[in-house]
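Peer 1: I am attaching a structure below and will ask some questions about it afterwards.
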Amino acid sequence: MITSIVIFGASGDLAKRKLIPALYNLFAKERLKGDFCIVGVSRTAFSHEQFREDMGADCQRFEPAYYNEARWQAFAGHLYYITADASQVDGMRQVKDQLQAIEGGPCQRLYYLSVGPTLYEPIIGALREHGLQQEDGGWRRVVIEKPFGTDLASAQALNRFVHEAFEEYQIYRIDHYLGKETAQNLLFLRFANLIFEPVWNRNYIDNVQITVMETVDVGRRAGYYDGSGVMRDMFQNHLLQLLTLVAMEPPTSFEATPLRNEKVKVLRAVRPIDLKHTIRAQYDGYRNAEGVASDSITPTYAAIKLYIDNWRWQGVPFYLRSGKALKHKVSEIAIQFKRPPHSMFGQGIEQIAPNVLTLCIQPDEGIHLQFEAKTPDQPTMQPVDMEFHYRTSFKAQNIPEAYERLLLDALNGDAALFNRSDEIEAAWSIVDPVIQGWSATPDASPLVRYAKDSEGPSEAEHFLAESGRHD
Ligand code: BG6
């Protein structure tokens, strides 16, 4: 039976930058098994041939490591294009008819919504109208991009709408951070080793810092971003997902239900965030970007401190930070341990640097453990690093793009690295009150400014320092 991957919004950026290169890589690695076709759908008129040529040029541009002309030609034979407005019932009829002609018989289908969020409901509604969600002879699945809603109420409404067409087991809500090798490695570090788990709790850990800093500014996405801001764009999804991986209890297996059950428990245990424990900031010049209101107060940077009210994490602060237009690009999780209870080396306990386990998500993917060592020929000590780098330990292997793993999982029916409806809603329940609080009582956490290409607002540094904790 043929497998169809139907990409709605195929002429957009995500399709050419991520989806088609990821599918090509899967093909090159012989992971796309059996008979398959990839069908792009969009309103922009293209022939199959033009679509193949365009995607070939883009693939070469974005994924040179795997590009090989002969292999691309073999892959391109599986690419098709349908010009249609899939958000309209009539347009979806054209999609249905042409899809059936391409497939030529029984099929299983993955629908990928690589479109703006305003089109999710119209496309899903049109799919339902034509019965395209029905599993006649083969499975039907739908992948939905972020943002999934703009707040709790809209996410609940969207979940209800999607559930009128698809069953939960058919729905794959994507968060590409979960597809990153280094994010998944967090689970391997914690649960495939014995030495970390016994100390992974409030008795040994002083605080956890989850940081996602970006050098890029909002660029051409300002129109979307100004209505969204960093809490919706980064915290509700990527940062809270990383939080769940750090904080969850060991699931019984790496499968969708046990894994997601544990993640939901973490999100539900997050204590409502005190606005005094938040910082929001905007970079200088943001208001001049095209599409941004001249008096915009949309934050492009935020730092929050939160607590997880459960047995393991009681009293341990989690610091989450993310911002755009910063000096360095870095995504990492730092686990800072407590100091030893007694110093026998003459120095005060405060002179002993705490152990820090840092998981570098990107760039320079790896793990570092900072510990104290005796300085040679001196009676003193100093912090040193024990390091693991992907690029040296796994020389030959490229780290695959997150979308490769996620597309393959969706094709294989493995939803472990996708968000369940209750998980999405629990995450909105955490960030919603912060966003609302910022607008209802702006003085509780006034918007501060920071220079482009800087380390971020100085207030954020004080944030950690005030609690007696440092980077
Ligand atoms: C996206 C956000 O989800 O993630 C972007 O919408 C952000 O604003 C991007 O730049 C970051 O992803 P990555 O993989 O580059 O860290």
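Here's how to read the names in the structure tokens: chain A, B, ... by the order shown, residue numbers from 1 in each chain, ligand numbers from 1 in the order shown.
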For ligand 1, collect every residue having any atom at a distance of at most 10 Å from a ligand atom (counting only C-alpha atoms and all ligand atoms); output as a PyMOL selection string.
Peer 2: chain A and resi 145-147+174-177+179-180+212-219+221-222+224-225+228-230+232-235+237-238+300+322-324+329-331+361-363+401-403
Peer 1: For the structure I just gave you, how does DSSP split segment 233-436 of chain A - specifically, which residues are alpha helix (DSSP H)? Reply as a compact mmCIF listing (two decimals) with all heavy atoms, in the first residue's frame.
Peer 2:
```txt
# COMPACT_ATOMS: atom_id res chain seq x y z
N LEU A 240 9.17 24.83 28.21
CA LEU A 240 8.44 23.95 29.13
C LEU A 240 8.64 22.48 28.76
O LEU A 240 8.64 21.61 29.64
CB LEU A 240 6.95 24.32 29.16
CG LEU A 240 6.64 25.62 29.90
CD1 LEU A 240 5.13 25.89 29.89
CD2 LEU A 240 7.14 25.59 31.34
N GLN A 241 8.85 22.20 27.49
CA GLN A 241 9.14 20.81 27.11
C GLN A 241 10.47 20.37 27.69
O GLN A 241 10.60 19.26 28.22
CB GLN A 241 9.14 20.65 25.58
CG GLN A 241 7.75 20.64 24.97
CD GLN A 241 6.89 19.51 25.49
OE1 GLN A 241 7.36 18.39 25.65
NE2 GLN A 241 5.64 19.78 25.78
N LEU A 242 11.47 21.25 27.62
CA LEU A 242 12.77 20.90 28.21
C LEU A 242 12.61 20.70 29.72
O LEU A 242 13.19 19.79 30.31
CB LEU A 242 13.81 21.98 27.91
CG LEU A 242 14.21 22.13 26.43
CD1 LEU A 242 15.19 23.27 26.24
CD2 LEU A 242 14.82 20.83 25.88
N LEU A 243 11.79 21.57 30.33
CA LEU A 243 11.54 21.43 31.76
C LEU A 243 10.97 20.04 32.10
O LEU A 243 11.39 19.39 33.05
CB LEU A 243 10.56 22.52 32.22
CG LEU A 243 10.11 22.43 33.68
CD1 LEU A 243 11.17 23.02 34.60
CD2 LEU A 243 8.78 23.15 33.91
N THR A 244 10.02 19.58 31.29
CA THR A 244 9.42 18.28 31.60
C THR A 244 10.47 17.16 31.51
O THR A 244 10.46 16.24 32.32
CB THR A 244 8.25 17.93 30.65
OG1 THR A 244 8.72 17.88 29.31
CG2 THR A 244 7.11 18.91 30.77
N LEU A 245 11.39 17.28 30.54
CA LEU A 245 12.39 16.21 30.39
C LEU A 245 13.35 16.19 31.58
O LEU A 245 13.79 15.13 32.03
CB LEU A 245 13.18 16.38 29.09
CG LEU A 245 12.36 16.36 27.79
CD1 LEU A 245 13.28 16.51 26.59
CD2 LEU A 245 11.56 15.07 27.67
N VAL A 246 13.67 17.38 32.10
CA VAL A 246 14.58 17.44 33.25
C VAL A 246 13.87 16.92 34.51
O VAL A 246 14.48 16.24 35.33
CB VAL A 246 14.99 18.90 33.58
CG1 VAL A 246 15.93 18.95 34.77
CG2 VAL A 246 15.64 19.55 32.40
N ALA A 247 12.59 17.26 34.64
CA ALA A 247 11.95 17.10 35.95
C ALA A 247 11.09 15.85 36.10
O ALA A 247 10.73 15.48 37.21
CB ALA A 247 11.09 18.34 36.23
N ALA A 256 4.69 6.47 23.94
CA ALA A 256 3.88 7.69 24.01
C ALA A 256 3.10 7.83 25.32
O ALA A 256 3.19 8.86 25.99
CB ALA A 256 2.94 7.73 22.82
N THR A 257 2.35 6.81 25.72
CA THR A 257 1.47 7.02 26.87
C THR A 257 2.24 7.18 28.18
O THR A 257 2.06 8.18 28.87
CB THR A 257 0.42 5.89 26.94
OG1 THR A 257 -0.30 5.93 25.72
CG2 THR A 257 -0.54 6.09 28.10
N PRO A 258 3.13 6.25 28.54
CA PRO A 258 3.84 6.45 29.82
C PRO A 258 4.69 7.73 29.82
O PRO A 258 4.73 8.44 30.84
CB PRO A 258 4.73 5.21 29.96
CG PRO A 258 4.62 4.44 28.70
CD PRO A 258 3.44 4.95 27.94
N LEU A 259 5.33 8.02 28.71
CA LEU A 259 6.19 9.21 28.65
C LEU A 259 5.36 10.48 28.83
O LEU A 259 5.68 11.36 29.63
CB LEU A 259 6.91 9.23 27.30
CG LEU A 259 8.08 10.17 27.18
CD1 LEU A 259 9.28 9.63 27.93
CD2 LEU A 259 8.47 10.36 25.72
N ARG A 260 4.29 10.57 28.09
CA ARG A 260 3.50 11.80 28.14
C ARG A 260 2.74 11.93 29.46
O ARG A 260 2.53 13.03 29.95
CB ARG A 260 2.59 11.87 26.92
CG ARG A 260 3.43 11.89 25.64
CD ARG A 260 2.68 12.30 24.41
NE ARG A 260 1.69 11.33 23.98
CZ ARG A 260 0.99 11.46 22.86
NH1 ARG A 260 1.17 12.50 22.07
NH2 ARG A 260 0.10 10.55 22.50
N ASN A 261 2.37 10.79 30.05
CA ASN A 261 1.73 10.87 31.37
C ASN A 261 2.66 11.56 32.35
O ASN A 261 2.25 12.43 33.13
CB ASN A 261 1.43 9.47 31.91
CG ASN A 261 0.23 8.84 31.22
OD1 ASN A 261 -0.49 9.51 30.49
ND2 ASN A 261 0.02 7.55 31.45
N GLU A 262 3.94 11.18 32.33
CA GLU A 262 4.89 11.76 33.29
C GLU A 262 5.12 13.24 32.99
O GLU A 262 5.29 14.04 33.92
CB GLU A 262 6.22 11.00 33.27
CG GLU A 262 6.12 9.55 33.75
CD GLU A 262 5.47 9.40 35.11
OE1 GLU A 262 5.55 10.33 35.93
OE2 GLU A 262 4.85 8.33 35.36
N LYS A 263 5.16 13.59 31.72
CA LYS A 263 5.38 15.01 31.39
C LYS A 263 4.21 15.87 31.86
O LYS A 263 4.40 16.96 32.39
CB LYS A 263 5.59 15.16 29.87
CG LYS A 263 6.95 14.60 29.44
CD LYS A 263 7.04 14.44 27.95
CE LYS A 263 7.08 15.78 27.29
NZ LYS A 263 6.83 15.68 25.84
N VAL A 264 3.01 15.35 31.67
CA VAL A 264 1.83 16.11 32.09
C VAL A 264 1.85 16.32 33.61
O VAL A 264 1.53 17.40 34.11
CB VAL A 264 0.53 15.39 31.65
CG1 VAL A 264 -0.69 16.04 32.28
CG2 VAL A 264 0.41 15.43 30.14
N LYS A 265 2.29 15.29 34.35
CA LYS A 265 2.32 15.42 35.82
C LYS A 265 3.23 16.57 36.24
O LYS A 265 2.93 17.31 37.17
CB LYS A 265 2.82 14.12 36.46
CG LYS A 265 1.79 13.02 36.50
CD LYS A 265 2.34 11.85 37.29
CE LYS A 265 1.76 10.55 36.78
NZ LYS A 265 2.55 9.38 37.19
N VAL A 266 4.36 16.72 35.55
CA VAL A 266 5.28 17.82 35.88
C VAL A 266 4.59 19.16 35.64
O VAL A 266 4.58 20.05 36.50
CB VAL A 266 6.57 17.74 35.02
CG1 VAL A 266 7.41 19.00 35.22
CG2 VAL A 266 7.37 16.50 35.36
N LEU A 267 4.00 19.31 34.46
CA LEU A 267 3.37 20.59 34.12
C LEU A 267 2.27 20.95 35.11
O LEU A 267 2.13 22.09 35.53
CB LEU A 267 2.83 20.56 32.69
CG LEU A 267 3.89 20.40 31.59
CD1 LEU A 267 3.24 20.19 30.23
CD2 LEU A 267 4.81 21.62 31.54
N ARG A 268 1.52 19.92 35.51
CA ARG A 268 0.41 20.19 36.44
C ARG A 268 0.91 20.54 37.83
O ARG A 268 0.18 21.12 38.63
CB ARG A 268 -0.51 18.98 36.51
CG ARG A 268 -1.22 18.74 35.20
CD ARG A 268 -2.62 18.17 35.41
NE ARG A 268 -3.32 18.11 34.14
CZ ARG A 268 -3.81 17.01 33.61
NH1 ARG A 268 -3.70 15.86 34.26
NH2 ARG A 268 -4.44 17.04 32.45
N ALA A 269 2.16 20.18 38.13
CA ALA A 269 2.70 20.45 39.48
C ALA A 269 3.42 21.80 39.56
O ALA A 269 3.91 22.18 40.62
CB ALA A 269 3.65 19.32 39.88
N TYR A 390 29.63 15.81 21.14
CA TYR A 390 29.16 14.92 20.08
C TYR A 390 30.18 14.84 18.95
O TYR A 390 30.43 13.79 18.39
CB TYR A 390 27.82 15.42 19.51
CG TYR A 390 26.63 14.96 20.31
CD1 TYR A 390 26.33 15.54 21.52
CD2 TYR A 390 25.80 13.94 19.85
CE1 TYR A 390 25.24 15.13 22.27
CE2 TYR A 390 24.70 13.52 20.59
CZ TYR A 390 24.43 14.12 21.79
OH TYR A 390 23.36 13.70 22.53
N ARG A 391 30.75 16.01 18.60
CA ARG A 391 31.59 16.02 17.39
C ARG A 391 32.86 15.19 17.57
O ARG A 391 33.41 14.69 16.60
CB ARG A 391 31.92 17.45 16.97
CG ARG A 391 32.80 18.20 17.90
CD ARG A 391 33.35 19.50 17.30
NE ARG A 391 34.30 20.04 18.25
CZ ARG A 391 33.97 20.79 19.28
NH1 ARG A 391 32.72 21.12 19.48
NH2 ARG A 391 34.87 21.20 20.14
N THR A 392 33.33 14.99 18.81
CA THR A 392 34.51 14.13 18.97
C THR A 392 34.11 12.69 19.27
O THR A 392 34.73 11.76 18.77
CB THR A 392 35.45 14.66 20.07
OG1 THR A 392 34.67 15.03 21.20
CG2 THR A 392 36.25 15.84 19.60
N SER A 393 33.07 12.48 20.04
CA SER A 393 32.69 11.10 20.39
C SER A 393 31.99 10.38 19.24
O SER A 393 32.08 9.16 19.12
CB SER A 393 31.76 11.09 21.61
OG SER A 393 32.41 11.63 22.71
N ALA A 402 16.03 17.87 13.69
CA ALA A 402 14.89 17.41 14.50
C ALA A 402 13.74 16.87 13.64
O ALA A 402 13.10 15.88 13.99
CB ALA A 402 14.40 18.57 15.35
N TYR A 403 13.52 17.52 12.49
CA TYR A 403 12.37 17.13 11.68
C TYR A 403 12.50 15.72 11.09
O TYR A 403 11.51 15.06 10.81
CB TYR A 403 12.11 18.16 10.57
CG TYR A 403 11.37 19.35 11.11
CD1 TYR A 403 12.04 20.47 11.57
CD2 TYR A 403 9.98 19.34 11.19
CE1 TYR A 403 11.36 21.55 12.09
CE2 TYR A 403 9.28 20.41 11.71
CZ TYR A 403 9.97 21.52 12.16
OH TYR A 403 9.29 22.59 12.68
N GLU A 404 13.73 15.28 10.91
CA GLU A 404 13.91 13.91 10.39
C GLU A 404 13.29 12.90 11.34
O GLU A 404 12.50 12.04 10.96
CB GLU A 404 15.40 13.61 10.30
CG GLU A 404 15.96 13.70 8.92
CD GLU A 404 17.42 13.31 8.91
OE1 GLU A 404 17.76 12.16 9.22
OE2 GLU A 404 18.23 14.19 8.57
N ARG A 405 13.71 13.02 12.59
CA ARG A 405 13.24 12.08 13.60
C ARG A 405 11.71 12.17 13.75
O ARG A 405 11.00 11.16 13.81
CB ARG A 405 13.93 12.39 14.93
CG ARG A 405 13.37 11.67 16.14
CD ARG A 405 13.62 10.17 16.03
NE ARG A 405 12.85 9.44 16.99
CZ ARG A 405 13.35 8.97 18.14
NH1 ARG A 405 14.60 9.14 18.44
NH2 ARG A 405 12.57 8.30 18.97
N LEU A 406 11.21 13.41 13.78
CA LEU A 406 9.78 13.58 14.05
C LEU A 406 8.93 13.09 12.89
O LEU A 406 7.89 12.45 13.10
CB LEU A 406 9.49 15.04 14.39
CG LEU A 406 10.16 15.52 15.69
CD1 LEU A 406 9.98 17.01 15.88
CD2 LEU A 406 9.61 14.76 16.90
N LEU A 407 9.37 13.36 11.66
CA LEU A 407 8.60 12.87 10.51
C LEU A 407 8.59 11.35 10.48
O LEU A 407 7.56 10.72 10.23
CB LEU A 407 9.20 13.41 9.21
CG LEU A 407 8.76 14.84 8.85
CD1 LEU A 407 9.71 15.46 7.84
CD2 LEU A 407 7.34 14.82 8.29
N LEU A 408 9.74 10.77 10.76
CA LEU A 408 9.81 9.30 10.74
C LEU A 408 8.92 8.71 11.84
O LEU A 408 8.19 7.73 11.60
CB LEU A 408 11.27 8.85 10.94
CG LEU A 408 11.53 7.38 10.69
CD1 LEU A 408 11.17 6.98 9.26
CD2 LEU A 408 12.99 7.02 10.98
N ASP A 409 8.96 9.31 13.02
CA ASP A 409 8.11 8.83 14.11
C ASP A 409 6.64 8.91 13.73
O ASP A 409 5.87 7.98 14.00
CB ASP A 409 8.35 9.64 15.39
CG ASP A 409 9.62 9.23 16.11
OD1 ASP A 409 10.31 8.32 15.63
OD2 ASP A 409 9.91 9.82 17.18
N ALA A 410 6.26 10.04 13.13
CA ALA A 410 4.84 10.20 12.75
C ALA A 410 4.46 9.13 11.71
O ALA A 410 3.38 8.54 11.77
CB ALA A 410 4.58 11.59 12.21
N LEU A 411 5.37 8.86 10.78
CA LEU A 411 5.08 7.83 9.77
C LEU A 411 4.98 6.45 10.41
O LEU A 411 4.23 5.59 9.96
CB LEU A 411 6.17 7.83 8.69
CG LEU A 411 6.13 9.02 7.72
CD1 LEU A 411 7.42 9.09 6.90
CD2 LEU A 411 4.92 8.92 6.79
N ASN A 412 5.77 6.25 11.46
CA ASN A 412 5.75 4.95 12.14
C ASN A 412 4.68 4.86 13.22
O ASN A 412 4.56 3.85 13.91
CB ASN A 412 7.11 4.67 12.79
CG ASN A 412 8.17 4.37 11.74
OD1 ASN A 412 7.84 3.95 10.63
ND2 ASN A 412 9.42 4.62 12.07
N SER A 421 -3.07 16.45 23.86
CA SER A 421 -3.94 17.62 24.08
C SER A 421 -3.82 18.14 25.52
O SER A 421 -3.74 19.35 25.74
CB SER A 421 -5.38 17.28 23.74
OG SER A 421 -5.81 16.19 24.51
N ASP A 422 -3.80 17.23 26.50
CA ASP A 422 -3.75 17.70 27.90
C ASP A 422 -2.41 18.37 28.22
O ASP A 422 -2.34 19.28 29.06
CB ASP A 422 -4.04 16.56 28.88
CG ASP A 422 -3.19 15.33 28.64
OD1 ASP A 422 -2.47 15.26 27.61
OD2 ASP A 422 -3.22 14.40 29.48
N GLU A 423 -1.37 17.95 27.51
CA GLU A 423 -0.04 18.53 27.75
C GLU A 423 0.00 19.98 27.25
O GLU A 423 0.48 20.88 27.95
CB GLU A 423 0.94 17.68 26.95
CG GLU A 423 2.35 17.73 27.40
CD GLU A 423 3.20 16.73 26.60
OE1 GLU A 423 2.64 15.83 25.93
OE2 GLU A 423 4.42 16.87 26.65
N ILE A 424 -0.53 20.18 26.05
CA ILE A 424 -0.60 21.53 25.47
C ILE A 424 -1.39 22.45 26.40
O ILE A 424 -0.99 23.58 26.69
CB ILE A 424 -1.33 21.47 24.10
CG1 ILE A 424 -0.49 20.79 23.05
CG2 ILE A 424 -1.82 22.84 23.66
CD1 ILE A 424 0.38 21.71 22.22
N GLU A 425 -2.51 21.93 26.89
CA GLU A 425 -3.37 22.77 27.73
C GLU A 425 -2.69 23.07 29.07
O GLU A 425 -2.77 24.19 29.59
CB GLU A 425 -4.74 22.10 27.91
CG GLU A 425 -5.51 22.09 26.58
CD GLU A 425 -6.86 21.38 26.64
OE1 GLU A 425 -7.34 21.09 27.77
OE2 GLU A 425 -7.42 21.10 25.57
N ALA A 426 -2.02 22.07 29.62
CA ALA A 426 -1.32 22.29 30.90
C ALA A 426 -0.23 23.35 30.72
O ALA A 426 -0.02 24.19 31.60
CB ALA A 426 -0.71 20.98 31.40
N ALA A 427 0.44 23.34 29.57
CA ALA A 427 1.50 24.33 29.34
C ALA A 427 0.89 25.73 29.22
O ALA A 427 1.43 26.70 29.76
CB ALA A 427 2.28 23.97 28.07
N TRP A 428 -0.24 25.83 28.55
CA TRP A 428 -0.90 27.15 28.46
C TRP A 428 -1.34 27.62 29.85
O TRP A 428 -1.30 28.81 30.16
CB TRP A 428 -2.11 27.10 27.53
CG TRP A 428 -1.74 27.25 26.07
CD1 TRP A 428 -1.97 26.36 25.08
CD2 TRP A 428 -1.10 28.38 25.45
NE1 TRP A 428 -1.50 26.84 23.88
CE2 TRP A 428 -0.97 28.08 24.07
CE3 TRP A 428 -0.61 29.60 25.92
CZ2 TRP A 428 -0.37 28.96 23.17
CZ3 TRP A 428 -0.01 30.49 25.03
CH2 TRP A 428 0.09 30.16 23.68
N SER A 429 -1.76 26.70 30.70
CA SER A 429 -2.21 27.10 32.06
C SER A 429 -1.06 27.72 32.84
O SER A 429 -1.28 28.46 33.78
CB SER A 429 -2.73 25.90 32.85
OG SER A 429 -3.69 25.24 32.14
N ILE A 430 0.18 27.38 32.47
CA ILE A 430 1.34 27.95 33.17
C ILE A 430 1.66 29.34 32.63
O ILE A 430 1.88 30.27 33.41
CB ILE A 430 2.56 27.01 33.02
CG1 ILE A 430 2.28 25.69 33.73
CG2 ILE A 430 3.82 27.68 33.57
CD1 ILE A 430 3.30 24.60 33.44
N VAL A 431 1.67 29.50 31.33
CA VAL A 431 2.12 30.80 30.78
C VAL A 431 1.01 31.86 30.69
O VAL A 431 1.28 33.04 30.79
CB VAL A 431 2.82 30.67 29.40
CG1 VAL A 431 4.03 29.79 29.47
CG2 VAL A 431 1.87 30.21 28.33
N ASP A 432 -0.23 31.40 30.55
CA ASP A 432 -1.35 32.35 30.42
C ASP A 432 -1.39 33.39 31.55
O ASP A 432 -1.47 34.58 31.28
CB ASP A 432 -2.67 31.57 30.43
CG ASP A 432 -3.31 31.57 29.06
OD1 ASP A 432 -2.63 31.94 28.09
OD2 ASP A 432 -4.50 31.20 28.98
N PRO A 433 -1.37 32.94 32.82
CA PRO A 433 -1.46 33.94 33.90
C PRO A 433 -0.31 34.93 33.89
O PRO A 433 -0.49 36.07 34.30
CB PRO A 433 -1.42 33.08 35.18
CG PRO A 433 -1.80 31.70 34.75
CD PRO A 433 -1.34 31.57 33.34
N VAL A 434 0.85 34.52 33.41
CA VAL A 434 1.99 35.45 33.35
C VAL A 434 1.69 36.52 32.29
O VAL A 434 1.80 37.73 32.55
CB VAL A 434 3.30 34.71 33.01
CG1 VAL A 434 4.44 35.70 32.83
CG2 VAL A 434 3.63 33.69 34.08
N ILE A 435 1.27 36.08 31.11
CA ILE A 435 0.99 37.04 30.03
C ILE A 435 -0.14 37.99 30.47
O ILE A 435 -0.07 39.20 30.31
CB ILE A 435 0.60 36.29 28.73
CG1 ILE A 435 1.76 35.40 28.27
CG2 ILE A 435 0.23 37.28 27.63
CD1 ILE A 435 1.43 34.45 27.13
N GLN A 436 -1.18 37.40 31.08
CA GLN A 436 -2.30 38.24 31.52
C GLN A 436 -1.88 39.18 32.63
O GLN A 436 -2.26 40.35 32.67
CB GLN A 436 -3.46 37.36 32.01
CG GLN A 436 -4.23 36.75 30.85
CD GLN A 436 -5.05 35.55 31.28
OE1 GLN A 436 -5.25 35.30 32.46
NE2 GLN A 436 -5.52 34.79 30.31
```
Peer 1: Using only C-alpha atoms, determine which residues lie at most 9 Å from segment 308-316 of chain A, disregarding the query and same-chain residues fewer than 2 positions distant; provide the list as a list in words.
Peer 2: Trp200, Asn201, Arg202, Asn203, Ile205, Asp206, Asn207, Val208, Ala247, Glu249, Val266, Leu267, Arg268, Ala269, Val270, Arg271, Leu306 and Phe318 of chain A
Peer 1: So that I have them on file, write out the residues from the current selection with N, CA, C and O atoms, as a JSON list (two decimals), in the first residue's frame.
Peer 2:
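Written output follows (selection.json):
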```json
[["chain", "number", "residue", "atom", "x", "y", "z"],
["A", 200, "TRP", "N", 19.40, 13.28, 41.57],
["A", 200, "TRP", "CA", 18.54, 14.14, 40.74],
["A", 200, "TRP", "C", 17.31, 14.57, 41.52],
["A", 200, "TRP", "O", 16.17, 14.23, 41.18],
["A", 201, "ASN", "N", 17.52, 15.33, 42.57],
["A", 201, "ASN", "CA", 16.38, 15.74, 43.40],
["A", 201, "ASN", "C", 16.77, 16.88, 44.34],
["A", 201, "ASN", "O", 17.92, 17.32, 44.36],
["A", 202, "ARG", "N", 15.79, 17.31, 45.13],
["A", 202, "ARG", "CA", 15.97, 18.46, 46.01],
["A", 202, "ARG", "C", 17.07, 18.28, 47.06],
["A", 202, "ARG", "O", 17.58, 19.26, 47.59],
["A", 203, "ASN", "N", 17.45, 17.05, 47.35],
["A", 203, "ASN", "CA", 18.50, 16.84, 48.37],
["A", 203, "ASN", "C", 19.87, 17.26, 47.86],
["A", 203, "ASN", "O", 20.75, 17.60, 48.63],
["A", 205, "ILE", "N", 20.29, 18.90, 44.40],
["A", 205, "ILE", "CA", 20.27, 19.95, 43.37],
["A", 205, "ILE", "C", 19.83, 21.28, 43.99],
["A", 205, "ILE", "O", 18.80, 21.34, 44.69],
["A", 206, "ASP", "N", 20.63, 22.30, 43.74],
["A", 206, "ASP", "CA", 20.32, 23.62, 44.28],
["A", 206, "ASP", "C", 19.36, 24.37, 43.37],
["A", 206, "ASP", "O", 18.43, 25.01, 43.83],
["A", 207, "ASN", "N", 19.62, 24.33, 42.07],
["A", 207, "ASN", "CA", 18.73, 25.01, 41.11],
["A", 207, "ASN", "C", 18.99, 24.49, 39.71],
["A", 207, "ASN", "O", 20.02, 23.85, 39.46],
["A", 208, "VAL", "N", 18.05, 24.75, 38.84],
["A", 208, "VAL", "CA", 18.15, 24.32, 37.44],
["A", 208, "VAL", "C", 17.95, 25.55, 36.56],
["A", 208, "VAL", "O", 17.05, 26.35, 36.82],
["A", 247, "ALA", "N", 12.59, 17.26, 34.64],
["A", 247, "ALA", "CA", 11.95, 17.10, 35.95],
["A", 247, "ALA", "C", 11.09, 15.85, 36.10],
["A", 247, "ALA", "O", 10.73, 15.48, 37.21],
["A", 249, "GLU", "N", 9.37, 12.10, 36.38],
["A", 249, "GLU", "CA", 9.70, 10.82, 37.02],
["A", 249, "GLU", "C", 10.02, 9.81, 35.91],
["A", 249, "GLU", "O", 9.58, 9.99, 34.77],
["A", 266, "VAL", "N", 4.36, 16.72, 35.55],
["A", 266, "VAL", "CA", 5.28, 17.82, 35.88],
["A", 266, "VAL", "C", 4.59, 19.16, 35.64],
["A", 266, "VAL", "O", 4.58, 20.05, 36.50],
["A", 267, "LEU", "N", 4.00, 19.31, 34.46],
["A", 267, "LEU", "CA", 3.37, 20.59, 34.12],
["A", 267, "LEU", "C", 2.27, 20.95, 35.11],
["A", 267, "LEU", "O", 2.13, 22.09, 35.53],
["A", 268, "ARG", "N", 1.52, 19.92, 35.51],
["A", 268, "ARG", "CA", 0.41, 20.19, 36.44],
["A", 268, "ARG", "C", 0.91, 20.54, 37.83],
["A", 268, "ARG", "O", 0.18, 21.12, 38.63],
["A", 269, "ALA", "N", 2.16, 20.18, 38.13],
["A", 269, "ALA", "CA", 2.70, 20.45, 39.48],
["A", 269, "ALA", "C", 3.42, 21.80, 39.56],
["A", 269, "ALA", "O", 3.91, 22.18, 40.62],
["A", 270, "VAL", "N", 3.50, 22.50, 38.43],
["A", 270, "VAL", "CA", 4.18, 23.81, 38.47],
["A", 270, "VAL", "C", 3.31, 24.80, 39.26],
["A", 270, "VAL", "O", 2.12, 24.97, 38.97],
["A", 271, "ARG", "N", 3.93, 25.41, 40.25],
["A", 271, "ARG", "CA", 3.21, 26.39, 41.09],
["A", 271, "ARG", "C", 2.93, 27.64, 40.26],
["A", 271, "ARG", "O", 3.78, 28.03, 39.45],
["A", 306, "LEU", "N", 10.46, 29.51, 38.53],
["A", 306, "LEU", "CA", 9.28, 28.74, 38.92],
["A", 306, "LEU", "C", 9.65, 27.58, 39.83],
["A", 306, "LEU", "O", 10.82, 27.20, 39.94],
["A", 318, "PHE", "N", 13.64, 26.73, 39.44],
["A", 318, "PHE", "CA", 13.97, 26.50, 38.03],
["A", 318, "PHE", "C", 13.95, 27.88, 37.36],
["A", 318, "PHE", "O", 12.94, 28.58, 37.43]]
```
Peer 1: Select from segment 170-354 of chain A everything DSSP, run on the backbone, classes as strand (DSSP E), then give the selection as number ranges by chain.
Peer 2: A: 171-173, 205-213, 278-283, 301-306, 318-323, 330-337
Peer 1: Provide the atom CA of Asp13 of chain A to atom CA of Tyr67 of chain A distance in Å, to one decimal place.
Peer 2: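 Atom-to-atom, atom CA of Asp13 of chain A and atom CA of Tyr67 of chain A are spaced 19.0 Å apart.
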